[in-house]
>>> print(open('input02.pdb').read())   # PDB, C-alpha atoms
ATOM      1  CA  MET A 220      12.991   6.399  10.688
ATOM      2  CA  ILE A 221      15.138   3.490   9.535
ATOM      3  CA  ILE A 222      16.355   3.872   5.935
ATOM      4  CA  LYS A 223      18.534   1.302   4.213
ATOM      5  CA  THR A 224      19.660   1.727   0.597
ATOM      6  CA  PHE A 225      20.469  -1.165  -1.738
ATOM      7  CA  PRO A 226      22.098   0.007  -5.000
ATOM      8  CA  SER A 227      21.354  -2.909  -7.320
ATOM      9  CA  GLY A 228      21.358  -4.067 -10.915
ATOM     10  CA  PRO A 229      23.188  -2.797 -14.002
ATOM     11  CA  PHE A 230      22.276   0.852 -13.346
ATOM     12  CA  SER A 231      22.869   0.818  -9.561
ATOM     13  CA  THR A 232      19.197   1.525  -8.987
ATOM     14  CA  ASN A 233      18.448   2.400  -5.380
ATOM     15  CA  ALA A 234      16.063  -0.039  -3.752
ATOM     16  CA  TYR A 235      15.044   1.004  -0.251
ATOM     17  CA  VAL A 236      13.749  -0.494   2.963
ATOM     18  CA  VAL A 237      12.103   2.148   5.151
ATOM     19  CA  ALA A 238      10.879   1.254   8.625
ATOM     20  CA  CYS A 239       9.223   2.713  11.682
ATOM     21  CA  PRO A 240      11.664   2.291  14.598
ATOM     22  CA  HIS A 241       8.833   1.950  17.134
ATOM     23  CA  THR A 242       6.714  -0.737  15.443
ATOM     24  CA  LEU A 243       9.343  -2.199  13.039
ATOM     25  CA  ALA A 244       6.732  -2.006  10.256
ATOM     26  CA  ALA A 245       8.573  -1.582   6.950
ATOM     27  CA  ALA A 246       7.955  -0.544   3.365
ATOM     28  CA  ILE A 247      10.058  -1.704   0.444
ATOM     29  CA  ILE A 248      10.524   0.846  -2.333
ATOM     30  CA  ASP A 249      11.529   0.043  -5.941
ATOM     31  CA  PRO A 250      13.011  -3.471  -5.639
ATOM     32  CA  ALA A 251      15.661  -3.299  -8.348
ATOM     33  CA  PRO A 252      17.287  -6.238 -10.190
ATOM     34  CA  ASN A 253      19.191  -8.546  -7.846
ATOM     35  CA  SER A 254      18.059  -6.695  -4.720
ATOM     36  CA  LEU A 255      15.927  -9.525  -3.310
ATOM     37  CA  GLU A 256      18.600 -11.352  -1.312
ATOM     38  CA  ALA A 257      20.067  -8.219   0.271
ATOM     39  CA  ILE A 258      16.628  -6.853   1.147
ATOM     40  CA  THR A 259      15.387 -10.074   2.711
ATOM     41  CA  SER A 260      18.617 -10.546   4.664
ATOM     42  CA  PHE A 261      18.335  -7.043   6.095
ATOM     43  CA  ILE A 262      14.667  -7.500   7.011
ATOM     44  CA  THR A 263      15.429 -10.785   8.752
ATOM     45  CA  ARG A 264      18.455  -9.437  10.600
ATOM     46  CA  GLU A 265      16.628  -6.333  11.838
ATOM     47  CA  LYS A 266      13.419  -8.280  12.624
ATOM     48  CA  LEU A 267      11.347  -5.905  10.488
ATOM     49  CA  LYS A 268       7.731  -6.517   9.482
ATOM     50  CA  PRO A 269       7.114  -5.629   5.819
ATOM     51  CA  VAL A 270       3.666  -4.103   5.247
ATOM     52  CA  ALA A 271       3.834  -2.460   1.798
ATOM     53  CA  LEU A 272       5.620  -2.447  -1.546
ATOM     54  CA  LEU A 273       5.840   1.064  -2.993
ATOM     55  CA  ILE A 274       6.802   1.708  -6.617
ATOM     56  CA  THR A 275       7.770   5.183  -7.797
ATOM     57  CA  HIS A 276       7.456   4.233 -11.485
ATOM     58  CA  SER A 277       7.443   1.111 -13.596
ATOM     59  CA  HIS A 278      10.707   1.217 -15.542
ATOM     60  CA  TRP A 279      12.194  -2.254 -15.449
ATOM     61  CA  ASP A 280      15.205  -1.356 -13.335
ATOM     62  CA  HIS A 281      12.812  -0.331 -10.533
ATOM     63  CA  ILE A 282      10.460  -3.338 -10.649
ATOM     64  CA  ALA A 283      12.607  -6.346 -11.560
ATOM     65  CA  ASP A 284      12.352  -8.000  -8.127
ATOM     66  CA  ALA A 285       8.899  -6.633  -7.274
ATOM     67  CA  ALA A 286       6.966  -9.839  -7.935
ATOM     68  CA  ALA A 287       9.383 -11.898  -5.827
ATOM     69  CA  ILE A 288       9.283  -9.399  -2.943
ATOM     70  CA  ALA A 289       5.495  -9.140  -3.027
ATOM     71  CA  ALA A 290       5.111 -12.929  -3.005
ATOM     72  CA  ARG A 291       7.692 -13.453  -0.285
ATOM     73  CA  TYR A 292       5.927 -11.158   2.183
ATOM     74  CA  GLN A 293       2.376 -11.186   0.760
ATOM     75  CA  LEU A 294       2.476  -7.412   0.378
ATOM     76  CA  PRO A 295      -0.013  -4.907  -0.996
ATOM     77  CA  VAL A 296       1.521  -3.223  -4.030
ATOM     78  CA  PHE A 297       1.139   0.532  -4.565
ATOM     79  CA  ILE A 298       1.646   2.203  -7.968
ATOM     80  CA  HIS A 299       0.011   5.030  -9.931
ATOM     81  CA  LYS A 300      -2.603   3.870 -12.432
ATOM     82  CA  LEU A 301      -0.746   5.494 -15.344
ATOM     83  CA  ASP A 302       2.269   3.240 -14.729
ATOM     84  CA  LYS A 303       0.497   0.011 -13.850
ATOM     85  CA  GLU A 304       0.487  -1.431 -17.385
ATOM     86  CA  ASN A 305       4.234  -1.972 -17.461
ATOM     87  CA  LEU A 306       4.114  -3.604 -14.017
ATOM     88  CA  GLU A 307       1.436  -6.005 -15.220
ATOM     89  CA  SER A 308       3.171  -6.575 -18.576
ATOM     90  CA  PRO A 309       6.879  -5.744 -18.225
ATOM     91  CA  GLY A 310       8.348  -4.475 -21.470
ATOM     92  CA  SER A 311       5.110  -2.970 -22.720
ATOM     93  CA  ASP A 312       6.641   0.493 -22.338
ATOM     94  CA  GLY A 313       9.080  -0.315 -25.165
ATOM     95  CA  LEU A 314      12.270   0.376 -23.219
ATOM     96  CA  PRO A 315      15.182  -1.960 -24.049
ATOM     97  CA  CYS A 316      15.448  -4.715 -21.461
ATOM     98  CA  TRP A 317      17.574  -7.868 -21.593
ATOM     99  CA  ILE A 318      16.243  -9.692 -18.535
ATOM    100  CA  THR A 319      12.968 -11.488 -17.927
ATOM    101  CA  ILE A 320      10.763  -9.738 -15.390
ATOM    102  CA  PRO A 321       7.731 -11.517 -13.891
ATOM    103  CA  PRO A 322       4.445  -9.620 -14.158
ATOM    104  CA  LEU A 323       2.781  -8.276 -11.045
ATOM    105  CA  THR A 324      -0.778  -7.057 -10.565
ATOM    106  CA  PRO A 325      -0.932  -4.086  -8.187
ATOM    107  CA  THR A 326      -3.435  -4.124  -5.349
ATOM    108  CA  ASN A 327      -3.587  -0.351  -4.812
ATOM    109  CA  LEU A 328      -3.692   2.302  -7.542
ATOM    110  CA  ILE A 329      -2.524   5.524  -5.953
ATOM    111  CA  ARG A 330      -3.017   9.173  -6.842
ATOM    112  CA  GLU A 331      -1.992  12.637  -5.658
ATOM    113  CA  GLY A 332      -2.591  13.139  -1.961
ATOM    114  CA  ASP A 333      -3.141   9.511  -0.997
ATOM    115  CA  THR A 334      -1.531   8.472   2.275
ATOM    116  CA  ILE A 335       0.088   5.142   3.098
ATOM    117  CA  PRO A 336       0.707   4.215   6.760
ATOM    118  CA  VAL A 337       3.844   2.309   7.715
ATOM    119  CA  GLY A 338       3.707   1.803  11.460
ATOM    120  CA  ASN A 339       3.723   5.277  13.008
ATOM    121  CA  LEU A 340       4.954   6.820   9.762
ATOM    122  CA  THR A 341       2.751   8.149   6.984
ATOM    123  CA  PHE A 342       3.781   8.554   3.360
ATOM    124  CA  THR A 343       1.946  11.028   1.161
ATOM    125  CA  VAL A 344       1.823  10.410  -2.584
ATOM    126  CA  ILE A 345       3.047  13.283  -4.749
ATOM    127  CA  HIS A 346       2.252  12.679  -8.426
ATOM    128  CA  THR A 347       5.290  13.816 -10.408
ATOM    129  CA  PRO A 348       4.781  12.927 -14.085
ATOM    130  CA  GLY A 349       7.593  13.669 -16.499
ATOM    131  CA  HIS A 350      10.012  10.739 -16.533
ATOM    132  CA  THR A 351       6.913   8.526 -16.820
ATOM    133  CA  PRO A 352       3.214   9.503 -16.841
ATOM    134  CA  GLY A 353       2.548   7.797 -13.511
ATOM    135  CA  GLY A 354       5.748   8.678 -11.716
ATOM    136  CA  VAL A 355       5.292   9.499  -8.037
ATOM    137  CA  CYS A 356       7.350  10.534  -5.039
ATOM    138  CA  PHE A 357       6.660   9.298  -1.514
ATOM    139  CA  TYR A 358       6.903  12.028   1.134
ATOM    140  CA  CYS A 359       6.961  11.535   4.890
ATOM    141  CA  PRO A 360       6.141  14.946   6.389
ATOM    142  CA  GLU A 361       6.844  13.881   9.988
ATOM    143  CA  GLU A 362      10.436  13.065   9.113
ATOM    144  CA  LYS A 363      10.773  15.459   6.139
ATOM    145  CA  VAL A 364      11.975  12.642   3.893
ATOM    146  CA  LEU A 365      11.220  12.245   0.181
ATOM    147  CA  PHE A 366      11.760   9.174  -1.997
ATOM    148  CA  SER A 367      11.941  10.763  -5.421
ATOM    149  CA  GLY A 368      12.347   7.842  -7.821
ATOM    150  CA  ASP A 369      13.721   9.138 -11.135
ATOM    151  CA  THR A 370      12.065  12.543 -10.899
ATOM    152  CA  LEU A 371      14.836  14.269  -8.951
ATOM    153  CA  PHE A 372      18.492  13.357  -8.470
ATOM    154  CA  LYS A 373      21.305  15.214  -6.778
ATOM    155  CA  GLY A 374      21.960  18.089  -9.173
ATOM    156  CA  THR A 375      19.818  16.844 -12.021
ATOM    157  CA  ILE A 376      16.545  15.269 -13.172
ATOM    158  CA  GLY A 377      15.247  12.036 -14.677
ATOM    159  CA  ASN A 378      15.868  11.259 -18.340
ATOM    160  CA  LEU A 379      13.276  12.889 -20.599
ATOM    161  CA  SER A 380      14.402  11.273 -23.859
ATOM    162  CA  PHE A 381      12.648   7.950 -23.213
ATOM    163  CA  SER A 382       9.429   7.105 -25.024
ATOM    164  CA  THR A 383       7.644   7.180 -21.661
ATOM    165  CA  ALA A 384       8.735  10.744 -20.929
ATOM    166  CA  ARG A 385       6.514  13.813 -20.953
ATOM    167  CA  PRO A 386       8.898  16.795 -20.689
ATOM    168  CA  GLU A 387       6.080  19.328 -20.512
ATOM    169  CA  LEU A 388       4.839  17.611 -17.339
ATOM    170  CA  MET A 389       8.241  17.409 -15.653
ATOM    171  CA  TRP A 390       8.604  21.140 -15.029
ATOM    172  CA  PRO A 391       5.427  21.510 -12.925
ATOM    173  CA  SER A 392       6.411  18.346 -11.042
ATOM    174  CA  LEU A 393       9.782  19.820 -10.097
ATOM    175  CA  THR A 394       8.192  23.121  -9.134
ATOM    176  CA  LYS A 395       5.885  21.172  -6.824
ATOM    177  CA  LEU A 396       8.904  19.549  -5.137
ATOM    178  CA  SER A 397      10.593  22.935  -4.751
ATOM    179  CA  LEU A 398       7.808  23.927  -2.349
ATOM    180  CA  LEU A 399       8.704  21.225   0.175
ATOM    181  CA  PRO A 400      10.661  22.329   3.264
ATOM    182  CA  PRO A 401      14.303  23.027   2.313
ATOM    183  CA  GLU A 402      15.540  20.616   4.986
ATOM    184  CA  THR A 403      13.675  17.724   3.327
ATOM    185  CA  ARG A 404      16.076  14.855   2.707
ATOM    186  CA  VAL A 405      15.758  13.400  -0.785
ATOM    187  CA  PHE A 406      16.520   9.749  -1.520
ATOM    188  CA  PRO A 407      16.578   9.311  -5.319
ATOM    189  CA  GLY A 408      16.281   6.337  -7.634
ATOM    190  CA  HIS A 409      19.978   6.543  -8.486
ATOM    191  CA  GLY A 410      22.969   8.160  -6.831
ATOM    192  CA  ASP A 411      23.481   9.932  -3.543
ATOM    193  CA  PRO A 412      20.919  11.598  -1.291
ATOM    194  CA  THR A 413      20.429  15.352  -1.345
ATOM    195  CA  THR A 414      18.075  17.922   0.153
ATOM    196  CA  ILE A 415      15.433  20.167  -1.367
ATOM    197  CA  GLY A 416      17.350  23.185  -0.084
ATOM    198  CA  HIS A 417      20.517  22.028  -1.851
ATOM    199  CA  GLU A 418      18.669  21.856  -5.192
ATOM    200  CA  LYS A 419      18.020  25.595  -5.403
ATOM    201  CA  TRP A 420      17.481  25.351  -9.174
ATOM    202  CA  LEU A 421      14.270  23.312  -8.930
ATOM    203  CA  ALA A 422      11.829  26.106  -9.743
ATOM    204  CA  ARG A 423      13.994  27.043 -12.780
ATOM    205  CA  ALA A 424      14.348  23.503 -14.111
ATOM    206  CA  GLU A 425      12.736  24.162 -17.489
ATOM    207  CA  GLU A 426      15.096  27.065 -18.147
ATOM    208  CA  ILE A 427      18.105  24.932 -17.210
ATOM    209  CA  PHE A 428      17.296  21.543 -18.721
ATOM    210  CA  ASP A 429      14.774  22.027 -21.545
ATOM    211  CA  ASN A 430      17.402  22.204 -24.282
ATOM    212  CA  ASP A 431      18.980  18.937 -23.089
ATOM    213  CA  PHE A 432      16.040  16.801 -24.258
TER     214      PHE A 432
END
>>> encode(input="input02.pdb", output="structure tokens")
Amino acid sequence: MIIKTFPSGPFSTNAYVVACPHTLAAAIIDPAPNSLEAITSFITREKLKPVALLITHSHWDHIADAAAIAARYQLPVFIHKLDKENLESPGSDGLPCWITIPPLTPTNLIREGDTIPVGNLTFTVIHTPGHTPGGVCFYCPEEKVLFSGDTLFKGTIGNLSFSTARPELMWPSLTKLSLLPPETRVFPGHGDPTTIGHEKWLARAEEIFDNDF
């Protein structure tokens, strides 16, 4: 699996290009503000063939360049139905945002257990509400790789103080992730990669973090 990370925008949001090394089919995940040029340059240089735009959740720092990316490569756009409103009408979630973000209508509304092929790779949708109602992770079981959005970071979890947050839903989501193989590599929405095995606290997340929010 080819994985390239593009920390972009004011919060160093991780945009990703993920590709099958055999077919060069590629998915773009969470195109953050000002990630367009770096993503397109990488795709051109590596002769990749974009086939899908995957969005873990619709906070503006994860979707700012989504419309431009989708138009550039004529991509199907995958997002959970509970987060689609803010993709179609950026800013409707009420989070402070100081940049203009073009609206984008998704082509595919995903749910728990859906699978998305990218060349010889397959990504399974894991619905992980908490940070947002429609937050998802994308898991590739063949490679044991998880793109966790803002559900799970190295050593911590996504912010639960936002108006979009549902703390009571975050704890079951993290427990669900704790059941993945410990060697699963985790690529989060911000910060450095980790592994499920490294985050041994996952099943006790409510006990650890509940008083923080």
>>> resolve_selection(input="input02.pdb", expression="the PyMOL selection byres ((chain A and resi 333) around 6)", output="compact mmCIF listing (two decimals) with C-alpha atoms, in the frame of the given file")
# COMPACT_ATOMS: atom_id res chain seq x y z
CA ARG A 330 -3.02 9.17 -6.84
CA GLU A 331 -1.99 12.64 -5.66
CA GLY A 332 -2.59 13.14 -1.96
CA THR A 334 -1.53 8.47 2.28
CA THR A 343 1.95 11.03 1.16
CA VAL A 344 1.82 10.41 -2.58
>>> closest_residue(input="input02.pdb", among="A:Asn339, A:Ser231, A:Thr259, A:Asn253", to="A:Ile318", atoms="all atoms listed in the file")
A:Asn253
>>> residues_around(input="input02.pdb", residues="A:Cys359", least_positions_apart="6", cutoff="12 Å", atoms="only C-alpha atoms", output="PyMOL selection string")
chain A and resi 220+237-239+332-337+339-345+365-367+399-400+403-406
>>> closest_residue(input="input02.pdb", among="A:Gly408, A:Gly349, A:Val364, A:Ala257", to="A:Leu301", atoms="only C-alpha atoms")
A:Gly349
>>> atom_distance(input="input02.pdb", atom1="atom CA of A:Phe230", atom2="atom CA of A:Thr413")
18.9 Å
>>> closest_residue(input="input02.pdb", among="A:Ala287, A:Ile222, A:Ile329, A:Ala251", to="A:Leu267", atoms="only C-alpha atoms")
A:Ile222
>>> residues_around(input="input02.pdb", residues="A:Thr394", least_positions_apart="6", cutoff="8 Å", atoms="only C-alpha atoms", output="VMD selection string")
chain A and resid 421 to 424
>>> residues_near_point(input="input02.pdb", point="(12.2, -11.8, -18.6)", cutoff="9 Å", atoms="all atoms listed in the file", output="ChimeraX atom specification")
/A:283,309-310,316-321
>>> atom_distance(input="input02.pdb", atom1="atom CA of A:Lys303", atom2="atom CA of A:His409")
21.2 Å
>>> resolve_selection(input="input02.pdb", expression="the PyMOL selection byres ((chain A and resi 258) around 10)", output="ChimeraX atom specification")
/A:223-225,234-236,247,250,253-257,259-264,288
>>> atom_distance(input="input02.pdb", atom1="atom CA of A:Phe381", atom2="atom CA of A:Leu306")
17.1 Å
>>> residues_near_point(input="input02.pdb", point="(1.9, -12.1, -2.8)", cutoff="12 Å", atoms="only C-alpha atoms", output="PyMOL selection string")
chain A and resi 269-272+285-296+322-326
>>> resolve_selection(input="input02.pdb", expression="the PyMOL selection byres ((chain A and resi 370) around 8)", output="VMD selection string")
chain A and resid 347 to 350 354 to 356 367 to 369 371 to 372 376 to 377 389 393 407
>>> closest_residue(input="input02.pdb", among="A:Thr242, A:Thr383, A:Trp420, A:Gly338", to="A:Ser277", atoms="only C-alpha atoms")
A:Thr383
>>> closest_residue(input="input02.pdb", among="A:His281, A:Thr351, A:Asp249, A:Leu243", to="A:Glu265", atoms="all atoms listed in the file")
A:Leu243
>>> closest_residue(input="input02.pdb", among="A:Thr414, A:Ser308, A:Thr275, A:Ser392", to="A:Lys373", atoms="all atoms listed in the file")
A:Thr414
>>> residues_around(input="input02.pdb", residues="A:Lys419", least_positions_apart="6", cutoff="10 Å", atoms="only C-alpha atoms", output="list in words")
Gly374, Ser397 and Pro401 of chain A
>>> decode(input="input02.pdb", residues="stretch 283-313 of chain A", atoms="N, CA and C atoms", output="PDB file, in the first residue's frame")
ATOM      1  N   ALA A 283     -12.077  21.281   3.129  1.00  0.00           N
ATOM      2  CA  ALA A 283     -11.919  22.572   2.452  1.00  0.00           C
ATOM      3  C   ALA A 283     -11.578  22.441   0.969  1.00  0.00           C
ATOM      4  N   ASP A 284     -10.761  21.470   0.606  1.00  0.00           N
ATOM      5  CA  ASP A 284     -10.374  21.296  -0.799  1.00  0.00           C
ATOM      6  C   ASP A 284     -11.114  20.144  -1.477  1.00  0.00           C
ATOM      7  N   ALA A 285     -12.171  19.648  -0.824  1.00  0.00           N
ATOM      8  CA  ALA A 285     -12.878  18.480  -1.361  1.00  0.00           C
ATOM      9  C   ALA A 285     -13.537  18.763  -2.705  1.00  0.00           C
ATOM     10  N   ALA A 286     -14.207  19.902  -2.829  1.00  0.00           N
ATOM     11  CA  ALA A 286     -14.896  20.205  -4.082  1.00  0.00           C
ATOM     12  C   ALA A 286     -13.895  20.324  -5.233  1.00  0.00           C
ATOM     13  N   ALA A 287     -12.764  20.956  -4.978  1.00  0.00           N
ATOM     14  CA  ALA A 287     -11.751  21.121  -6.030  1.00  0.00           C
ATOM     15  C   ALA A 287     -11.154  19.774  -6.437  1.00  0.00           C
ATOM     16  N   ILE A 288     -10.885  18.924  -5.456  1.00  0.00           N
ATOM     17  CA  ILE A 288     -10.328  17.590  -5.750  1.00  0.00           C
ATOM     18  C   ILE A 288     -11.333  16.756  -6.528  1.00  0.00           C
ATOM     19  N   ALA A 289     -12.583  16.764  -6.086  1.00  0.00           N
ATOM     20  CA  ALA A 289     -13.612  15.966  -6.751  1.00  0.00           C
ATOM     21  C   ALA A 289     -13.799  16.415  -8.198  1.00  0.00           C
ATOM     22  N   ALA A 290     -13.793  17.726  -8.429  1.00  0.00           N
ATOM     23  CA  ALA A 290     -13.954  18.239  -9.787  1.00  0.00           C
ATOM     24  C   ALA A 290     -12.744  17.940 -10.657  1.00  0.00           C
ATOM     25  N   ARG A 291     -11.578  18.041 -10.075  1.00  0.00           N
ATOM     26  CA  ARG A 291     -10.343  17.832 -10.847  1.00  0.00           C
ATOM     27  C   ARG A 291     -10.285  16.415 -11.424  1.00  0.00           C
ATOM     28  N   TYR A 292     -10.696  15.431 -10.611  1.00  0.00           N
ATOM     29  CA  TYR A 292     -10.561  14.039 -11.039  1.00  0.00           C
ATOM     30  C   TYR A 292     -11.902  13.357 -11.293  1.00  0.00           C
ATOM     31  N   GLN A 293     -12.994  14.125 -11.207  1.00  0.00           N
ATOM     32  CA  GLN A 293     -14.337  13.568 -11.440  1.00  0.00           C
ATOM     33  C   GLN A 293     -14.572  12.337 -10.556  1.00  0.00           C
ATOM     34  N   LEU A 294     -14.412  12.538  -9.244  1.00  0.00           N
ATOM     35  CA  LEU A 294     -14.423  11.425  -8.308  1.00  0.00           C
ATOM     36  C   LEU A 294     -15.778  11.216  -7.646  1.00  0.00           C
ATOM     37  N   PRO A 295     -16.139   9.965  -7.370  1.00  0.00           N
ATOM     38  CA  PRO A 295     -17.248   9.714  -6.450  1.00  0.00           C
ATOM     39  C   PRO A 295     -16.828  10.127  -5.046  1.00  0.00           C
ATOM     40  N   VAL A 296     -17.780  10.668  -4.302  1.00  0.00           N
ATOM     41  CA  VAL A 296     -17.493  11.221  -2.977  1.00  0.00           C
ATOM     42  C   VAL A 296     -18.250  10.409  -1.930  1.00  0.00           C
ATOM     43  N   PHE A 297     -17.515   9.884  -0.948  1.00  0.00           N
ATOM     44  CA  PHE A 297     -18.071   8.999   0.066  1.00  0.00           C
ATOM     45  C   PHE A 297     -18.072   9.697   1.432  1.00  0.00           C
ATOM     46  N   ILE A 298     -19.257   9.760   2.064  1.00  0.00           N
ATOM     47  CA  ILE A 298     -19.387  10.346   3.396  1.00  0.00           C
ATOM     48  C   ILE A 298     -20.608   9.714   4.055  1.00  0.00           C
ATOM     49  N   HIS A 299     -20.616   9.675   5.387  1.00  0.00           N
ATOM     50  CA  HIS A 299     -21.782   9.152   6.108  1.00  0.00           C
ATOM     51  C   HIS A 299     -22.937  10.142   6.006  1.00  0.00           C
ATOM     52  N   LYS A 300     -24.155   9.621   5.945  1.00  0.00           N
ATOM     53  CA  LYS A 300     -25.320  10.487   5.746  1.00  0.00           C
ATOM     54  C   LYS A 300     -25.499  11.495   6.882  1.00  0.00           C
ATOM     55  N   LEU A 301     -25.044  11.171   8.087  1.00  0.00           N
ATOM     56  CA  LEU A 301     -25.226  12.082   9.213  1.00  0.00           C
ATOM     57  C   LEU A 301     -24.238  13.244   9.188  1.00  0.00           C
ATOM     58  N   ASP A 302     -23.273  13.216   8.283  1.00  0.00           N
ATOM     59  CA  ASP A 302     -22.342  14.337   8.140  1.00  0.00           C
ATOM     60  C   ASP A 302     -22.459  15.026   6.785  1.00  0.00           C
ATOM     61  N   LYS A 303     -23.372  14.594   5.956  1.00  0.00           N
ATOM     62  CA  LYS A 303     -23.426  15.136   4.601  1.00  0.00           C
ATOM     63  C   LYS A 303     -23.899  16.587   4.554  1.00  0.00           C
ATOM     64  N   GLU A 304     -24.719  17.013   5.518  1.00  0.00           N
ATOM     65  CA  GLU A 304     -25.272  18.367   5.453  1.00  0.00           C
ATOM     66  C   GLU A 304     -24.185  19.422   5.442  1.00  0.00           C
ATOM     67  N   ASN A 305     -23.153  19.245   6.260  1.00  0.00           N
ATOM     68  CA  ASN A 305     -22.108  20.261   6.314  1.00  0.00           C
ATOM     69  C   ASN A 305     -21.185  20.207   5.104  1.00  0.00           C
ATOM     70  N   LEU A 306     -21.167  19.089   4.383  1.00  0.00           N
ATOM     71  CA  LEU A 306     -20.441  19.018   3.118  1.00  0.00           C
ATOM     72  C   LEU A 306     -21.212  19.770   2.035  1.00  0.00           C
ATOM     73  N   GLU A 307     -22.526  19.620   2.057  1.00  0.00           N
ATOM     74  CA  GLU A 307     -23.371  20.280   1.068  1.00  0.00           C
ATOM     75  C   GLU A 307     -23.547  21.764   1.363  1.00  0.00           C
ATOM     76  N   SER A 308     -23.462  22.127   2.650  1.00  0.00           N
ATOM     77  CA  SER A 308     -23.626  23.529   3.061  1.00  0.00           C
ATOM     78  C   SER A 308     -22.592  23.842   4.138  1.00  0.00           C
ATOM     79  N   PRO A 309     -21.329  24.041   3.735  1.00  0.00           N
ATOM     80  CA  PRO A 309     -20.264  24.245   4.721  1.00  0.00           C
ATOM     81  C   PRO A 309     -20.570  25.404   5.672  1.00  0.00           C
ATOM     82  N   GLY A 310     -20.369  25.142   6.946  1.00  0.00           N
ATOM     83  CA  GLY A 310     -20.677  26.132   7.974  1.00  0.00           C
ATOM     84  C   GLY A 310     -21.985  25.877   8.676  1.00  0.00           C
ATOM     85  N   SER A 311     -22.789  24.963   8.139  1.00  0.00           N
ATOM     86  CA  SER A 311     -24.085  24.685   8.752  1.00  0.00           C
ATOM     87  C   SER A 311     -23.944  23.991  10.100  1.00  0.00           C
ATOM     88  N   ASP A 312     -22.755  23.459  10.389  1.00  0.00           N
ATOM     89  CA  ASP A 312     -22.554  22.816  11.692  1.00  0.00           C
ATOM     90  C   ASP A 312     -22.264  23.818  12.802  1.00  0.00           C
ATOM     91  N   GLY A 313     -22.103  25.111  12.444  1.00  0.00           N
ATOM     92  CA  GLY A 313     -21.933  26.154  13.443  1.00  0.00           C
ATOM     93  C   GLY A 313     -20.529  26.324  13.972  1.00  0.00           C
TER      94      GLY A 313
END
